[in-house]
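A.B. asks: Provided herewith: input37.cif, mmCIF, C-alpha atoms.
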```cif
data_target
loop_
_atom_site.label_atom_id
_atom_site.label_comp_id
_atom_site.auth_asym_id
_atom_site.auth_seq_id
_atom_site.Cartn_x
_atom_site.Cartn_y
_atom_site.Cartn_z
CA VAL A 298 26.70 -18.30 -8.25
CA ASP A 299 25.26 -14.77 -8.04
CA ARG A 300 23.54 -15.09 -11.41
CA VAL A 301 22.03 -18.42 -10.46
CA LEU A 302 20.46 -16.86 -7.36
CA GLN A 303 19.12 -13.73 -9.04
CA ARG A 304 15.43 -13.64 -9.94
CA TRP A 305 14.71 -15.56 -13.16
CA ASN A 306 11.77 -14.95 -15.45
CA ASN A 307 11.39 -18.74 -15.68
CA ARG A 308 10.49 -19.41 -12.03
CA GLU A 309 9.77 -23.09 -12.56
CA GLY A 310 13.13 -23.52 -14.29
CA GLN A 311 15.00 -21.75 -11.50
CA PHE A 312 13.41 -23.93 -8.83
CA SER A 313 14.28 -27.12 -10.73
CA PHE A 314 17.85 -25.91 -11.20
CA LEU A 315 18.32 -25.05 -7.52
CA LYS A 316 16.79 -28.35 -6.42
CA GLN A 317 19.21 -30.32 -8.58
CA ALA A 318 22.13 -28.15 -7.47
CA LEU A 319 21.35 -28.90 -3.82
CA LEU A 320 21.37 -32.61 -4.59
CA SER A 321 24.91 -32.23 -5.99
CA PRO A 322 26.52 -29.54 -3.79
CA ASN A 323 30.00 -30.24 -5.15
CA ILE A 324 28.93 -28.80 -8.54
CA ILE A 325 27.67 -25.40 -7.33
CA PRO A 326 29.08 -24.85 -3.84
CA PHE A 327 26.60 -22.39 -2.36
CA GLY A 328 27.78 -20.89 0.91
CA ILE A 329 31.46 -20.83 -0.03
CA TYR A 330 31.93 -17.95 -2.45
CA GLU A 331 29.08 -15.63 -1.42
CA CYS A 332 29.83 -12.77 0.96
CA ASN A 333 26.33 -12.95 2.42
CA GLN A 334 26.64 -15.95 4.74
CA THR A 335 24.63 -16.99 7.77
CA GLN A 336 26.40 -16.08 10.99
CA LEU A 337 26.78 -19.21 13.11
CA SER A 338 28.82 -17.69 15.96
CA VAL A 339 25.78 -17.70 18.25
CA LEU A 340 25.75 -21.50 18.30
CA LYS A 341 27.33 -23.38 21.19
CA SER A 342 27.58 -26.57 19.15
CA LEU A 343 28.70 -25.80 15.60
CA PRO A 344 27.59 -27.89 12.61
CA ASP A 345 30.07 -29.58 10.29
CA THR A 346 30.47 -26.89 7.64
CA ASN A 347 33.02 -29.05 5.84
CA ASP A 348 30.00 -31.05 4.72
CA LEU A 349 28.93 -29.31 1.49
CA LYS A 350 25.29 -30.32 2.06
CA VAL A 351 25.40 -28.26 5.27
CA LYS A 352 27.60 -25.48 3.87
CA CYS A 353 25.09 -24.80 1.06
CA TRP A 354 22.47 -23.72 3.57
CA GLN A 355 24.84 -21.19 5.09
CA SER A 356 24.17 -19.10 1.98
CA ILE A 357 21.66 -16.41 2.87
CA ASP A 358 21.38 -15.62 -0.84
CA LEU A 359 20.21 -19.19 -1.49
CA MET A 360 17.59 -18.95 1.26
CA GLN A 361 16.40 -15.60 -0.08
CA ALA A 362 16.12 -16.99 -3.61
CA LEU A 363 14.04 -19.93 -2.37
CA LEU A 364 11.78 -17.74 -0.23
CA ASN A 365 11.21 -15.46 -3.21
CA LEU A 366 10.34 -18.49 -5.35
CA GLY A 367 7.92 -19.52 -2.61
CA ASP A 368 5.90 -16.37 -3.28
CA ASP A 369 4.66 -18.18 -6.38
CA ALA A 370 1.62 -20.22 -5.28
CA SER A 371 2.47 -23.00 -7.73
CA LEU A 372 5.93 -23.43 -6.15
CA ARG A 373 5.28 -22.72 -2.47
CA GLU A 374 4.70 -26.30 -1.30
CA ARG A 375 7.63 -27.64 -3.31
CA VAL A 376 9.96 -25.01 -1.89
CA LYS A 377 8.73 -25.86 1.62
CA GLU A 378 9.31 -29.57 1.01
CA LEU A 379 12.83 -28.90 -0.31
CA ILE A 380 13.77 -26.91 2.79
CA HIS A 381 12.07 -29.42 5.10
CA ASP A 382 14.13 -32.25 3.64
CA SER A 383 17.31 -30.40 4.62
CA ILE A 384 16.08 -29.47 8.10
CA LYS A 385 16.65 -33.14 9.00
CA TYR A 386 20.44 -32.75 8.90
CA CYS A 387 21.17 -29.04 9.50
CA PRO A 388 18.24 -27.40 11.36
CA ASP A 389 20.45 -24.89 13.19
CA VAL A 390 21.89 -23.49 9.95
CA ILE A 391 18.49 -23.29 8.27
CA VAL A 392 16.70 -21.57 11.15
CA LEU A 393 19.43 -18.92 11.33
CA ALA A 394 19.34 -18.45 7.54
CA LEU A 395 15.57 -17.97 7.73
CA ALA A 396 15.99 -15.47 10.56
CA GLN A 397 18.76 -13.50 8.83
CA ALA A 398 17.28 -13.48 5.33
CA GLN A 399 16.64 -9.95 4.04
CA VAL A 400 13.29 -10.63 2.38
CA HIS A 401 9.73 -9.67 3.21
CA TRP A 402 7.69 -11.64 5.74
CA SER A 403 5.66 -14.37 4.05
CA ALA A 404 3.45 -17.33 4.94
CA LEU A 405 6.20 -19.71 3.80
CA ARG A 406 8.83 -18.09 6.00
CA ARG A 407 6.44 -18.07 8.93
CA ASP A 408 5.49 -21.74 8.51
CA LEU A 409 9.12 -22.86 8.35
CA LEU A 410 10.18 -20.77 11.34
CA GLU A 411 7.20 -21.91 13.40
CA PHE A 412 8.00 -25.56 12.65
CA LEU A 413 11.58 -25.05 13.81
CA LEU A 414 10.80 -22.87 16.82
CA ASP A 415 8.35 -25.46 18.10
CA LYS A 416 11.19 -27.99 18.13
CA TYR A 417 13.66 -25.67 19.86
CA ILE A 418 11.14 -24.77 22.54
CA VAL A 419 10.32 -28.41 23.29
CA ASN A 420 13.84 -29.86 23.04
CA GLN A 421 16.61 -28.65 25.31
CA HIS A 422 19.29 -29.07 22.65
CA PRO A 423 22.63 -27.27 23.33
CA ASN A 424 21.75 -24.70 20.66
CA SER A 425 18.07 -24.27 21.48
CA LEU A 426 18.34 -21.32 23.84
CA SER A 427 21.06 -19.65 21.75
CA ILE A 428 18.84 -19.72 18.67
CA ILE A 429 15.73 -18.54 20.53
CA THR A 430 17.73 -15.71 22.11
CA PHE A 431 19.19 -14.69 18.74
CA ILE A 432 15.75 -14.52 17.14
CA TRP A 433 14.39 -12.43 20.01
CA THR A 434 17.28 -9.99 20.35
CA ASN A 435 18.55 -9.62 16.77
CA CYS A 436 15.39 -9.60 14.66
CA GLU A 437 13.72 -6.42 15.88
CA GLN A 438 13.54 -5.19 12.27
CA VAL A 439 11.08 -8.03 11.64
CA PRO A 440 8.49 -7.66 14.43
CA GLN A 441 6.54 -10.64 13.05
CA MET A 442 9.41 -12.86 14.17
CA ARG A 443 9.05 -11.81 17.79
CA GLU A 444 5.28 -12.20 17.54
CA LEU A 445 5.78 -15.72 16.19
CA LEU A 446 8.07 -16.64 19.07
CA VAL A 447 5.52 -15.39 21.63
CA HIS A 448 2.81 -17.34 19.80
CA SER A 449 4.95 -20.52 19.80
CA LEU A 450 5.73 -20.27 23.52
CA LYS A 451 2.06 -19.88 24.40
CA LYS A 452 1.08 -22.66 22.03
CA TYR A 453 3.61 -25.04 23.58
CA TYR A 454 2.11 -24.62 27.03
CA ARG A 455 -1.51 -24.76 25.85
CA GLU A 456 -0.90 -27.98 23.93
CA SER A 457 1.01 -29.59 26.78
CA GLY A 458 -0.66 -28.12 29.86
CA SER A 459 2.06 -29.65 32.03
CA ASP A 460 4.01 -28.03 34.84
CA ALA A 461 7.21 -28.93 33.00
CA ALA A 462 6.06 -26.99 29.93
CA LEU A 463 5.16 -23.96 32.07
CA ILE A 464 8.57 -24.04 33.74
CA ARG A 465 10.26 -24.28 30.33
CA VAL A 466 8.31 -21.29 28.99
CA CYS A 467 9.04 -19.30 32.13
CA ASP A 468 12.77 -20.03 31.96
CA ILE A 469 12.97 -19.10 28.28
CA ALA A 470 11.00 -15.90 28.84
CA LYS A 471 13.31 -14.91 31.71
CA GLU A 472 16.44 -15.69 29.68
CA ILE A 473 15.41 -13.63 26.64
CA LYS A 474 13.83 -10.87 28.79
CA ALA A 475 10.38 -11.41 27.33
CA LEU A 476 8.51 -12.21 30.54
CA GLN A 477 6.62 -8.91 30.70
CA ILE A 478 5.47 -9.29 27.10
CA LEU A 479 4.19 -12.80 27.73
CA LEU A 480 2.36 -11.57 30.83
CA ARG A 481 0.40 -8.95 28.91
CA GLY A 482 -3.19 -9.85 28.21
CA LYS A 483 -6.30 -8.72 26.40
CA SER A 484 -8.42 -11.82 25.95
CA GLU A 485 -9.58 -14.51 28.37
CA ASP A 486 -7.11 -16.98 26.89
CA ASP A 487 -4.26 -14.49 27.32
CA PHE A 488 -5.06 -13.93 30.99
CA ALA A 489 -5.63 -17.62 31.73
CA PHE A 490 -2.10 -18.30 30.49
CA ALA A 491 -0.60 -15.17 32.07
CA ILE A 492 -1.95 -15.96 35.56
CA LYS A 493 -0.29 -19.38 35.58
CA LEU A 494 2.94 -17.99 34.15
CA ALA A 495 3.00 -15.13 36.69
CA ILE A 496 2.59 -17.56 39.57
CA GLN A 497 5.42 -19.70 38.21
CA ALA A 498 7.65 -16.65 37.70
CA SER A 499 6.99 -15.40 41.23
CA ARG A 500 8.08 -18.76 42.66
CA HIS A 501 11.52 -18.16 41.11
CA ASN A 502 11.57 -14.50 42.14
CA TYR A 503 11.35 -13.42 38.50
CA LEU A 504 8.27 -11.31 39.22
CA ASN A 505 6.62 -9.27 41.96
CA PHE A 506 3.28 -11.06 41.81
CA LYS A 507 1.45 -8.60 44.08
CA LYS A 508 2.50 -5.65 41.91
CA TRP A 509 1.49 -7.53 38.75
CA LEU A 510 -1.99 -8.18 40.20
CA GLU A 511 -2.36 -4.52 41.06
CA ASP A 512 -1.58 -3.54 37.46
CA TYR A 513 -4.65 -5.45 36.26
CA SER A 514 -6.92 -4.84 39.27
CA SER A 515 -9.39 -2.78 37.22
CA ASN A 516 -9.50 -5.12 34.21
CA VAL A 517 -12.83 -6.98 34.28
CA THR A 518 -11.68 -9.76 31.96
CA PHE A 519 -8.58 -10.36 34.08
CA LEU A 520 -10.56 -10.43 37.33
CA ARG A 521 -13.01 -12.92 35.85
CA GLU A 522 -10.17 -15.23 34.80
CA LEU A 523 -8.45 -14.84 38.15
CA ASN A 524 -11.66 -15.88 39.90
CA GLN A 525 -11.96 -18.89 37.56
CA TYR A 526 -8.40 -19.89 38.44
CA ARG A 527 -9.11 -19.62 42.19
CA LEU A 528 -12.21 -21.78 41.83
CA MET A 529 -10.24 -24.38 39.85
CA VAL A 530 -7.51 -24.49 42.51
CA ALA A 531 -10.08 -24.77 45.31
CA ALA A 532 -11.80 -27.66 43.53
CA HIS A 533 -8.54 -29.60 43.49
#
```
Can the structure from this file be put into structure tokens for me?
C.D. replies:
Amino acid sequence: VDRVLQRWNNREGQFSFLKQALLSPNIIPFGIYECNQTQLSVLKSLPDTNDLKVKCWQSIDLMQALLNLGDDASLRERVKELIHDSIKYCPDVIVLALAQAQVHWSALRRDLLEFLLDKYIVNQHPNSLSIITFIWTNCEQVPQMRELLVHSLKKYYRESGSDAALIRVCDIAKEIKALQILLRGKSEDDFAFAIKLAIQASRHNYLNFKKWLEDYSSNVTFLRELNQYRLMVAAH
């Protein structure tokens, strides 16, 4: 198994081999013999790892091999499609494998993680908060992962605009202790989001709203957005 997952000179051949192996997991049982396996203990609801199609994706070495293949522009979309096809039946295993993989940050890894994080943020699945918390607290060595999670939380609210979405973002931020990071702002868009989130957080006693306002009292961009928010509220 180790030799199969090492870097081949024939990249196209390696991808084809791995694709066929994943279609017949009983032939090459990834995830069983390797020492480097995805840790699933963070999950509240465990997947059926007796299913070899699921067990394969517990192999961090397999995920690393595929991500490395994805560095090749001619293979990137096919690698993404292969992983996407498996997300349908074991998303929790795949997201943790992506998070725990010891490979460099890449566009492919980012795209796959963003796709999955979007789903965990929206859906209150039993494992959603466990996975989001794991990514926030255990992936400090990959700062891009935390940045992606912040981006996904903001994106979720901006695309929805609903009170329910704001409450969901606020609760997640409180749980993973990321509220202060989400409340930081530089641009108008940042402050527009942060003002609404701060108000929501203060309603649940997660934040001293008066103190937070004082921290930005000399920021012209913030004051402009705060005034815009007051005008919007007054108009309604």
A.B. asks: Kindly indicate which residue among A:Val298, A:Leu413, A:Ile473, A:Leu445 lies nearest to Phe327 of chain A, using all atoms listed in the file for the distances.
C.D. replies: A:Val298
A.B. asks: How close does each residue of segment 394-467 of chain A get to segment 481-494 of chain A, giving the shortest atom pair and distance in Å to one decimal for every residue with an atom at most 9 Å away, counting all atoms listed in the file, sorted by chain and residue number, as JSON lines?
C.D. replies:
```
{"residue": "A:Lys451", "atom": "CA", "partner": "A:Phe490", "partner_atom": "CA", "distance": 7.5}
{"residue": "A:Tyr454", "atom": "CA", "partner": "A:Phe490", "partner_atom": "CA", "distance": 8.3}
{"residue": "A:Arg455", "atom": "CA", "partner": "A:Phe490", "partner_atom": "CA", "distance": 8.0}
{"residue": "A:Leu463", "atom": "CA", "partner": "A:Leu494", "partner_atom": "CA", "distance": 6.7}
{"residue": "A:Ile464", "atom": "CA", "partner": "A:Leu494", "partner_atom": "CA", "distance": 8.3}
{"residue": "A:Val466", "atom": "CA", "partner": "A:Leu494", "partner_atom": "CA", "distance": 8.1}
{"residue": "A:Cys467", "atom": "CA", "partner": "A:Leu494", "partner_atom": "CA", "distance": 6.6}
```
A.B. asks: Since we have the selection now, will you write its residues out, keeping C-alpha atoms, as a PDB file, in the frame of the given file?
C.D. replies:
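What landed in result_12.pdb:
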```
ATOM      1  CA  LYS A 451       2.060 -19.880  24.400  1.00  0.00           C
ATOM      2  CA  TYR A 454       2.110 -24.620  27.030  1.00  0.00           C
ATOM      3  CA  ARG A 455      -1.510 -24.760  25.850  1.00  0.00           C
ATOM      4  CA  LEU A 463       5.160 -23.960  32.070  1.00  0.00           C
ATOM      5  CA  ILE A 464       8.570 -24.040  33.740  1.00  0.00           C
ATOM      6  CA  VAL A 466       8.310 -21.290  28.990  1.00  0.00           C
ATOM      7  CA  CYS A 467       9.040 -19.300  32.130  1.00  0.00           C
TER       8      CYS A 467
END
```
A.B. asks: As an exercise, work out the distance from atom CA of Asp389 of chain A to atom CA of Arg308 of chain A in Å and give it to one decimal place.
C.D. replies: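 Spanning atom CA of Asp389 of chain A to atom CA of Arg308 of chain A is a straight-line distance of 27.7 Å.
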A.B. asks: Report as a list of chain:residue names the full result of the PyMOL selection byres ((chain A and resi 350) around 9) when it is applied to this structure.
C.D. replies: A:Leu319, A:Leu320, A:Ser321, A:Pro322, A:Asn323, A:Pro326, A:Thr346, A:Asn347, A:Asp348, A:Leu349, A:Val351, A:Lys352, A:Cys353, A:Trp354, A:Ser383, A:Tyr386, A:Cys387
A.B. asks: Write out, as a short mmCIF file (atom, residue, chain, number, x, y, z; two decimals), in the frame of the given file, the residues just selected, with C-alpha atoms.
C.D. replies:
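What landed in again.cif:
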```
data_model
loop_
_atom_site.label_atom_id
_atom_site.label_comp_id
_atom_site.auth_asym_id
_atom_site.auth_seq_id
_atom_site.Cartn_x
_atom_site.Cartn_y
_atom_site.Cartn_z
CA LEU A 319 21.35 -28.90 -3.82
CA LEU A 320 21.37 -32.61 -4.59
CA SER A 321 24.91 -32.23 -5.99
CA PRO A 322 26.52 -29.54 -3.79
CA ASN A 323 30.00 -30.24 -5.15
CA PRO A 326 29.08 -24.85 -3.84
CA THR A 346 30.47 -26.89 7.64
CA ASN A 347 33.02 -29.05 5.84
CA ASP A 348 30.00 -31.05 4.72
CA LEU A 349 28.93 -29.31 1.49
CA VAL A 351 25.40 -28.26 5.27
CA LYS A 352 27.60 -25.48 3.87
CA CYS A 353 25.09 -24.80 1.06
CA TRP A 354 22.47 -23.72 3.57
CA SER A 383 17.31 -30.40 4.62
CA TYR A 386 20.44 -32.75 8.90
CA CYS A 387 21.17 -29.04 9.50
#
```
A.B. asks: As a check of understanding, name the residues that the PyMOL selection byres ((chain A and resi 443) around 12) selects in the supplied structure, as an MDAnalysis selection string.
C.D. replies: chainID A and resid 396 407 410:411 414 429:442 444:450 470 473 475 478:479
A.B. asks: Return as a PDB file with C-alpha atoms, keeping the file's coordinate frame the set of residues that the PyMOL selection byres ((chain A and resi 365) around 12) yields on the displayed structure.
C.D. replies:
```pdb
ATOM      1  CA  LEU A 302      20.460 -16.860  -7.360  1.00  0.00           C
ATOM      2  CA  GLN A 303      19.120 -13.730  -9.040  1.00  0.00           C
ATOM      3  CA  ARG A 304      15.430 -13.640  -9.940  1.00  0.00           C
ATOM      4  CA  TRP A 305      14.710 -15.560 -13.160  1.00  0.00           C
ATOM      5  CA  ARG A 308      10.490 -19.410 -12.030  1.00  0.00           C
ATOM      6  CA  GLN A 311      15.000 -21.750 -11.500  1.00  0.00           C
ATOM      7  CA  PHE A 312      13.410 -23.930  -8.830  1.00  0.00           C
ATOM      8  CA  ASP A 358      21.380 -15.620  -0.840  1.00  0.00           C
ATOM      9  CA  LEU A 359      20.210 -19.190  -1.490  1.00  0.00           C
ATOM     10  CA  MET A 360      17.590 -18.950   1.260  1.00  0.00           C
ATOM     11  CA  GLN A 361      16.400 -15.600  -0.080  1.00  0.00           C
ATOM     12  CA  ALA A 362      16.120 -16.990  -3.610  1.00  0.00           C
ATOM     13  CA  LEU A 363      14.040 -19.930  -2.370  1.00  0.00           C
ATOM     14  CA  LEU A 364      11.780 -17.740  -0.230  1.00  0.00           C
ATOM     15  CA  LEU A 366      10.340 -18.490  -5.350  1.00  0.00           C
ATOM     16  CA  GLY A 367       7.920 -19.520  -2.610  1.00  0.00           C
ATOM     17  CA  ASP A 368       5.900 -16.370  -3.280  1.00  0.00           C
ATOM     18  CA  ASP A 369       4.660 -18.180  -6.380  1.00  0.00           C
ATOM     19  CA  ALA A 370       1.620 -20.220  -5.280  1.00  0.00           C
ATOM     20  CA  LEU A 372       5.930 -23.430  -6.150  1.00  0.00           C
ATOM     21  CA  ARG A 373       5.280 -22.720  -2.470  1.00  0.00           C
ATOM     22  CA  VAL A 376       9.960 -25.010  -1.890  1.00  0.00           C
ATOM     23  CA  LYS A 377       8.730 -25.860   1.620  1.00  0.00           C
ATOM     24  CA  ALA A 398      17.280 -13.480   5.330  1.00  0.00           C
ATOM     25  CA  GLN A 399      16.640  -9.950   4.040  1.00  0.00           C
ATOM     26  CA  VAL A 400      13.290 -10.630   2.380  1.00  0.00           C
ATOM     27  CA  HIS A 401       9.730  -9.670   3.210  1.00  0.00           C
ATOM     28  CA  TRP A 402       7.690 -11.640   5.740  1.00  0.00           C
ATOM     29  CA  SER A 403       5.660 -14.370   4.050  1.00  0.00           C
ATOM     30  CA  ALA A 404       3.450 -17.330   4.940  1.00  0.00           C
ATOM     31  CA  LEU A 405       6.200 -19.710   3.800  1.00  0.00           C
ATOM     32  CA  ARG A 406       8.830 -18.090   6.000  1.00  0.00           C
TER      33      ARG A 406
END
```
A.B. asks: Please report the interatomic distance between atom CA of Val390 of chain A and atom CA of Lys452 of chain A in Å with one decimal.
C.D. replies: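 If I compute the distance from atom CA of Val390 of chain A to atom CA of Lys452 of chain A, I get 24.1 Å.
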A.B. asks: Suppose you want the space between atom CA of Ile357 of chain A and atom CA of Phe412 of chain A; what is it in Å?
C.D. replies: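 Straight-line distance from atom CA of Ile357 of chain A to atom CA of Phe412 of chain A works out to 19.1 Å.
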A.B. asks: For segment 421-428 of chain A, what centre and edge lengths in Å (one decimal) does the axis-aligned box get once 6 Å is added on each side of all its listed atoms, as AutoDock Vina command-line options?
C.D. replies:
```
--center_x 19.6 --center_y -24.4 --center_z 22.0 --size_x 18.0 --size_y 21.4 --size_z 18.6
```
A.B. asks: Find the residues near segment 338-342 of chain A: any atom within 8 Å, counting only C-alpha atoms, skip ones fewer than 4 places away on the same chain, and give them as a ChimeraX atom specification.
C.D. replies: /A:423-424,427-428,431
A.B. asks: Reconstruct N, CA and C atoms of segment 394-409 of chain A from the incomplete input and present them as a JSON list (two decimals), in the coordinates of the input.
C.D. replies:
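The result, written out as part_31.json:
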```
[["chain", "number", "residue", "atom", "x", "y", "z"],
["A", 394, "ALA", "N", 19.45, -19.03, 8.89],
["A", 394, "ALA", "CA", 19.34, -18.45, 7.54],
["A", 394, "ALA", "C", 17.96, -17.83, 7.34],
["A", 395, "LEU", "N", 16.93, -18.52, 7.82],
["A", 395, "LEU", "CA", 15.57, -17.97, 7.73],
["A", 395, "LEU", "C", 15.45, -16.68, 8.54],
["A", 396, "ALA", "N", 16.08, -16.65, 9.69],
["A", 396, "ALA", "CA", 15.99, -15.47, 10.56],
["A", 396, "ALA", "C", 16.77, -14.29, 9.98],
["A", 397, "GLN", "N", 17.89, -14.58, 9.31],
["A", 397, "GLN", "CA", 18.76, -13.50, 8.83],
["A", 397, "GLN", "C", 18.47, -13.08, 7.40],
["A", 398, "ALA", "N", 17.60, -13.81, 6.71],
["A", 398, "ALA", "CA", 17.28, -13.48, 5.33],
["A", 398, "ALA", "C", 16.68, -12.08, 5.23],
["A", 399, "GLN", "N", 17.12, -11.33, 4.24],
["A", 399, "GLN", "CA", 16.64, -9.95, 4.04],
["A", 399, "GLN", "C", 15.54, -9.95, 2.98],
["A", 400, "VAL", "N", 14.45, -10.61, 3.28],
["A", 400, "VAL", "CA", 13.29, -10.63, 2.38],
["A", 400, "VAL", "C", 12.05, -10.33, 3.19],
["A", 401, "HIS", "N", 10.96, -10.02, 2.51],
["A", 401, "HIS", "CA", 9.73, -9.67, 3.21],
["A", 401, "HIS", "C", 9.17, -10.87, 3.97],
["A", 402, "TRP", "N", 8.35, -10.58, 4.96],
["A", 402, "TRP", "CA", 7.69, -11.64, 5.74],
["A", 402, "TRP", "C", 6.65, -12.31, 4.86],
["A", 403, "SER", "N", 6.60, -13.63, 4.89],
["A", 403, "SER", "CA", 5.66, -14.37, 4.05],
["A", 403, "SER", "C", 5.12, -15.57, 4.82],
["A", 404, "ALA", "N", 4.05, -16.15, 4.31],
["A", 404, "ALA", "CA", 3.45, -17.33, 4.94],
["A", 404, "ALA", "C", 4.44, -18.48, 4.95],
["A", 405, "LEU", "N", 5.22, -18.63, 3.88],
["A", 405, "LEU", "CA", 6.20, -19.71, 3.80],
["A", 405, "LEU", "C", 7.27, -19.55, 4.87],
["A", 406, "ARG", "N", 7.80, -18.35, 4.99],
["A", 406, "ARG", "CA", 8.83, -18.09, 6.00],
["A", 406, "ARG", "C", 8.27, -18.32, 7.40],
["A", 407, "ARG", "N", 7.07, -17.88, 7.63],
["A", 407, "ARG", "CA", 6.44, -18.07, 8.93],
["A", 407, "ARG", "C", 6.26, -19.55, 9.25],
["A", 408, "ASP", "N", 5.74, -20.32, 8.29],
["A", 408, "ASP", "CA", 5.49, -21.74, 8.51],
["A", 408, "ASP", "C", 6.78, -22.49, 8.85],
["A", 409, "LEU", "N", 7.84, -22.19, 8.12],
["A", 409, "LEU", "CA", 9.12, -22.86, 8.35],
["A", 409, "LEU", "C", 9.70, -22.49, 9.71]]
```
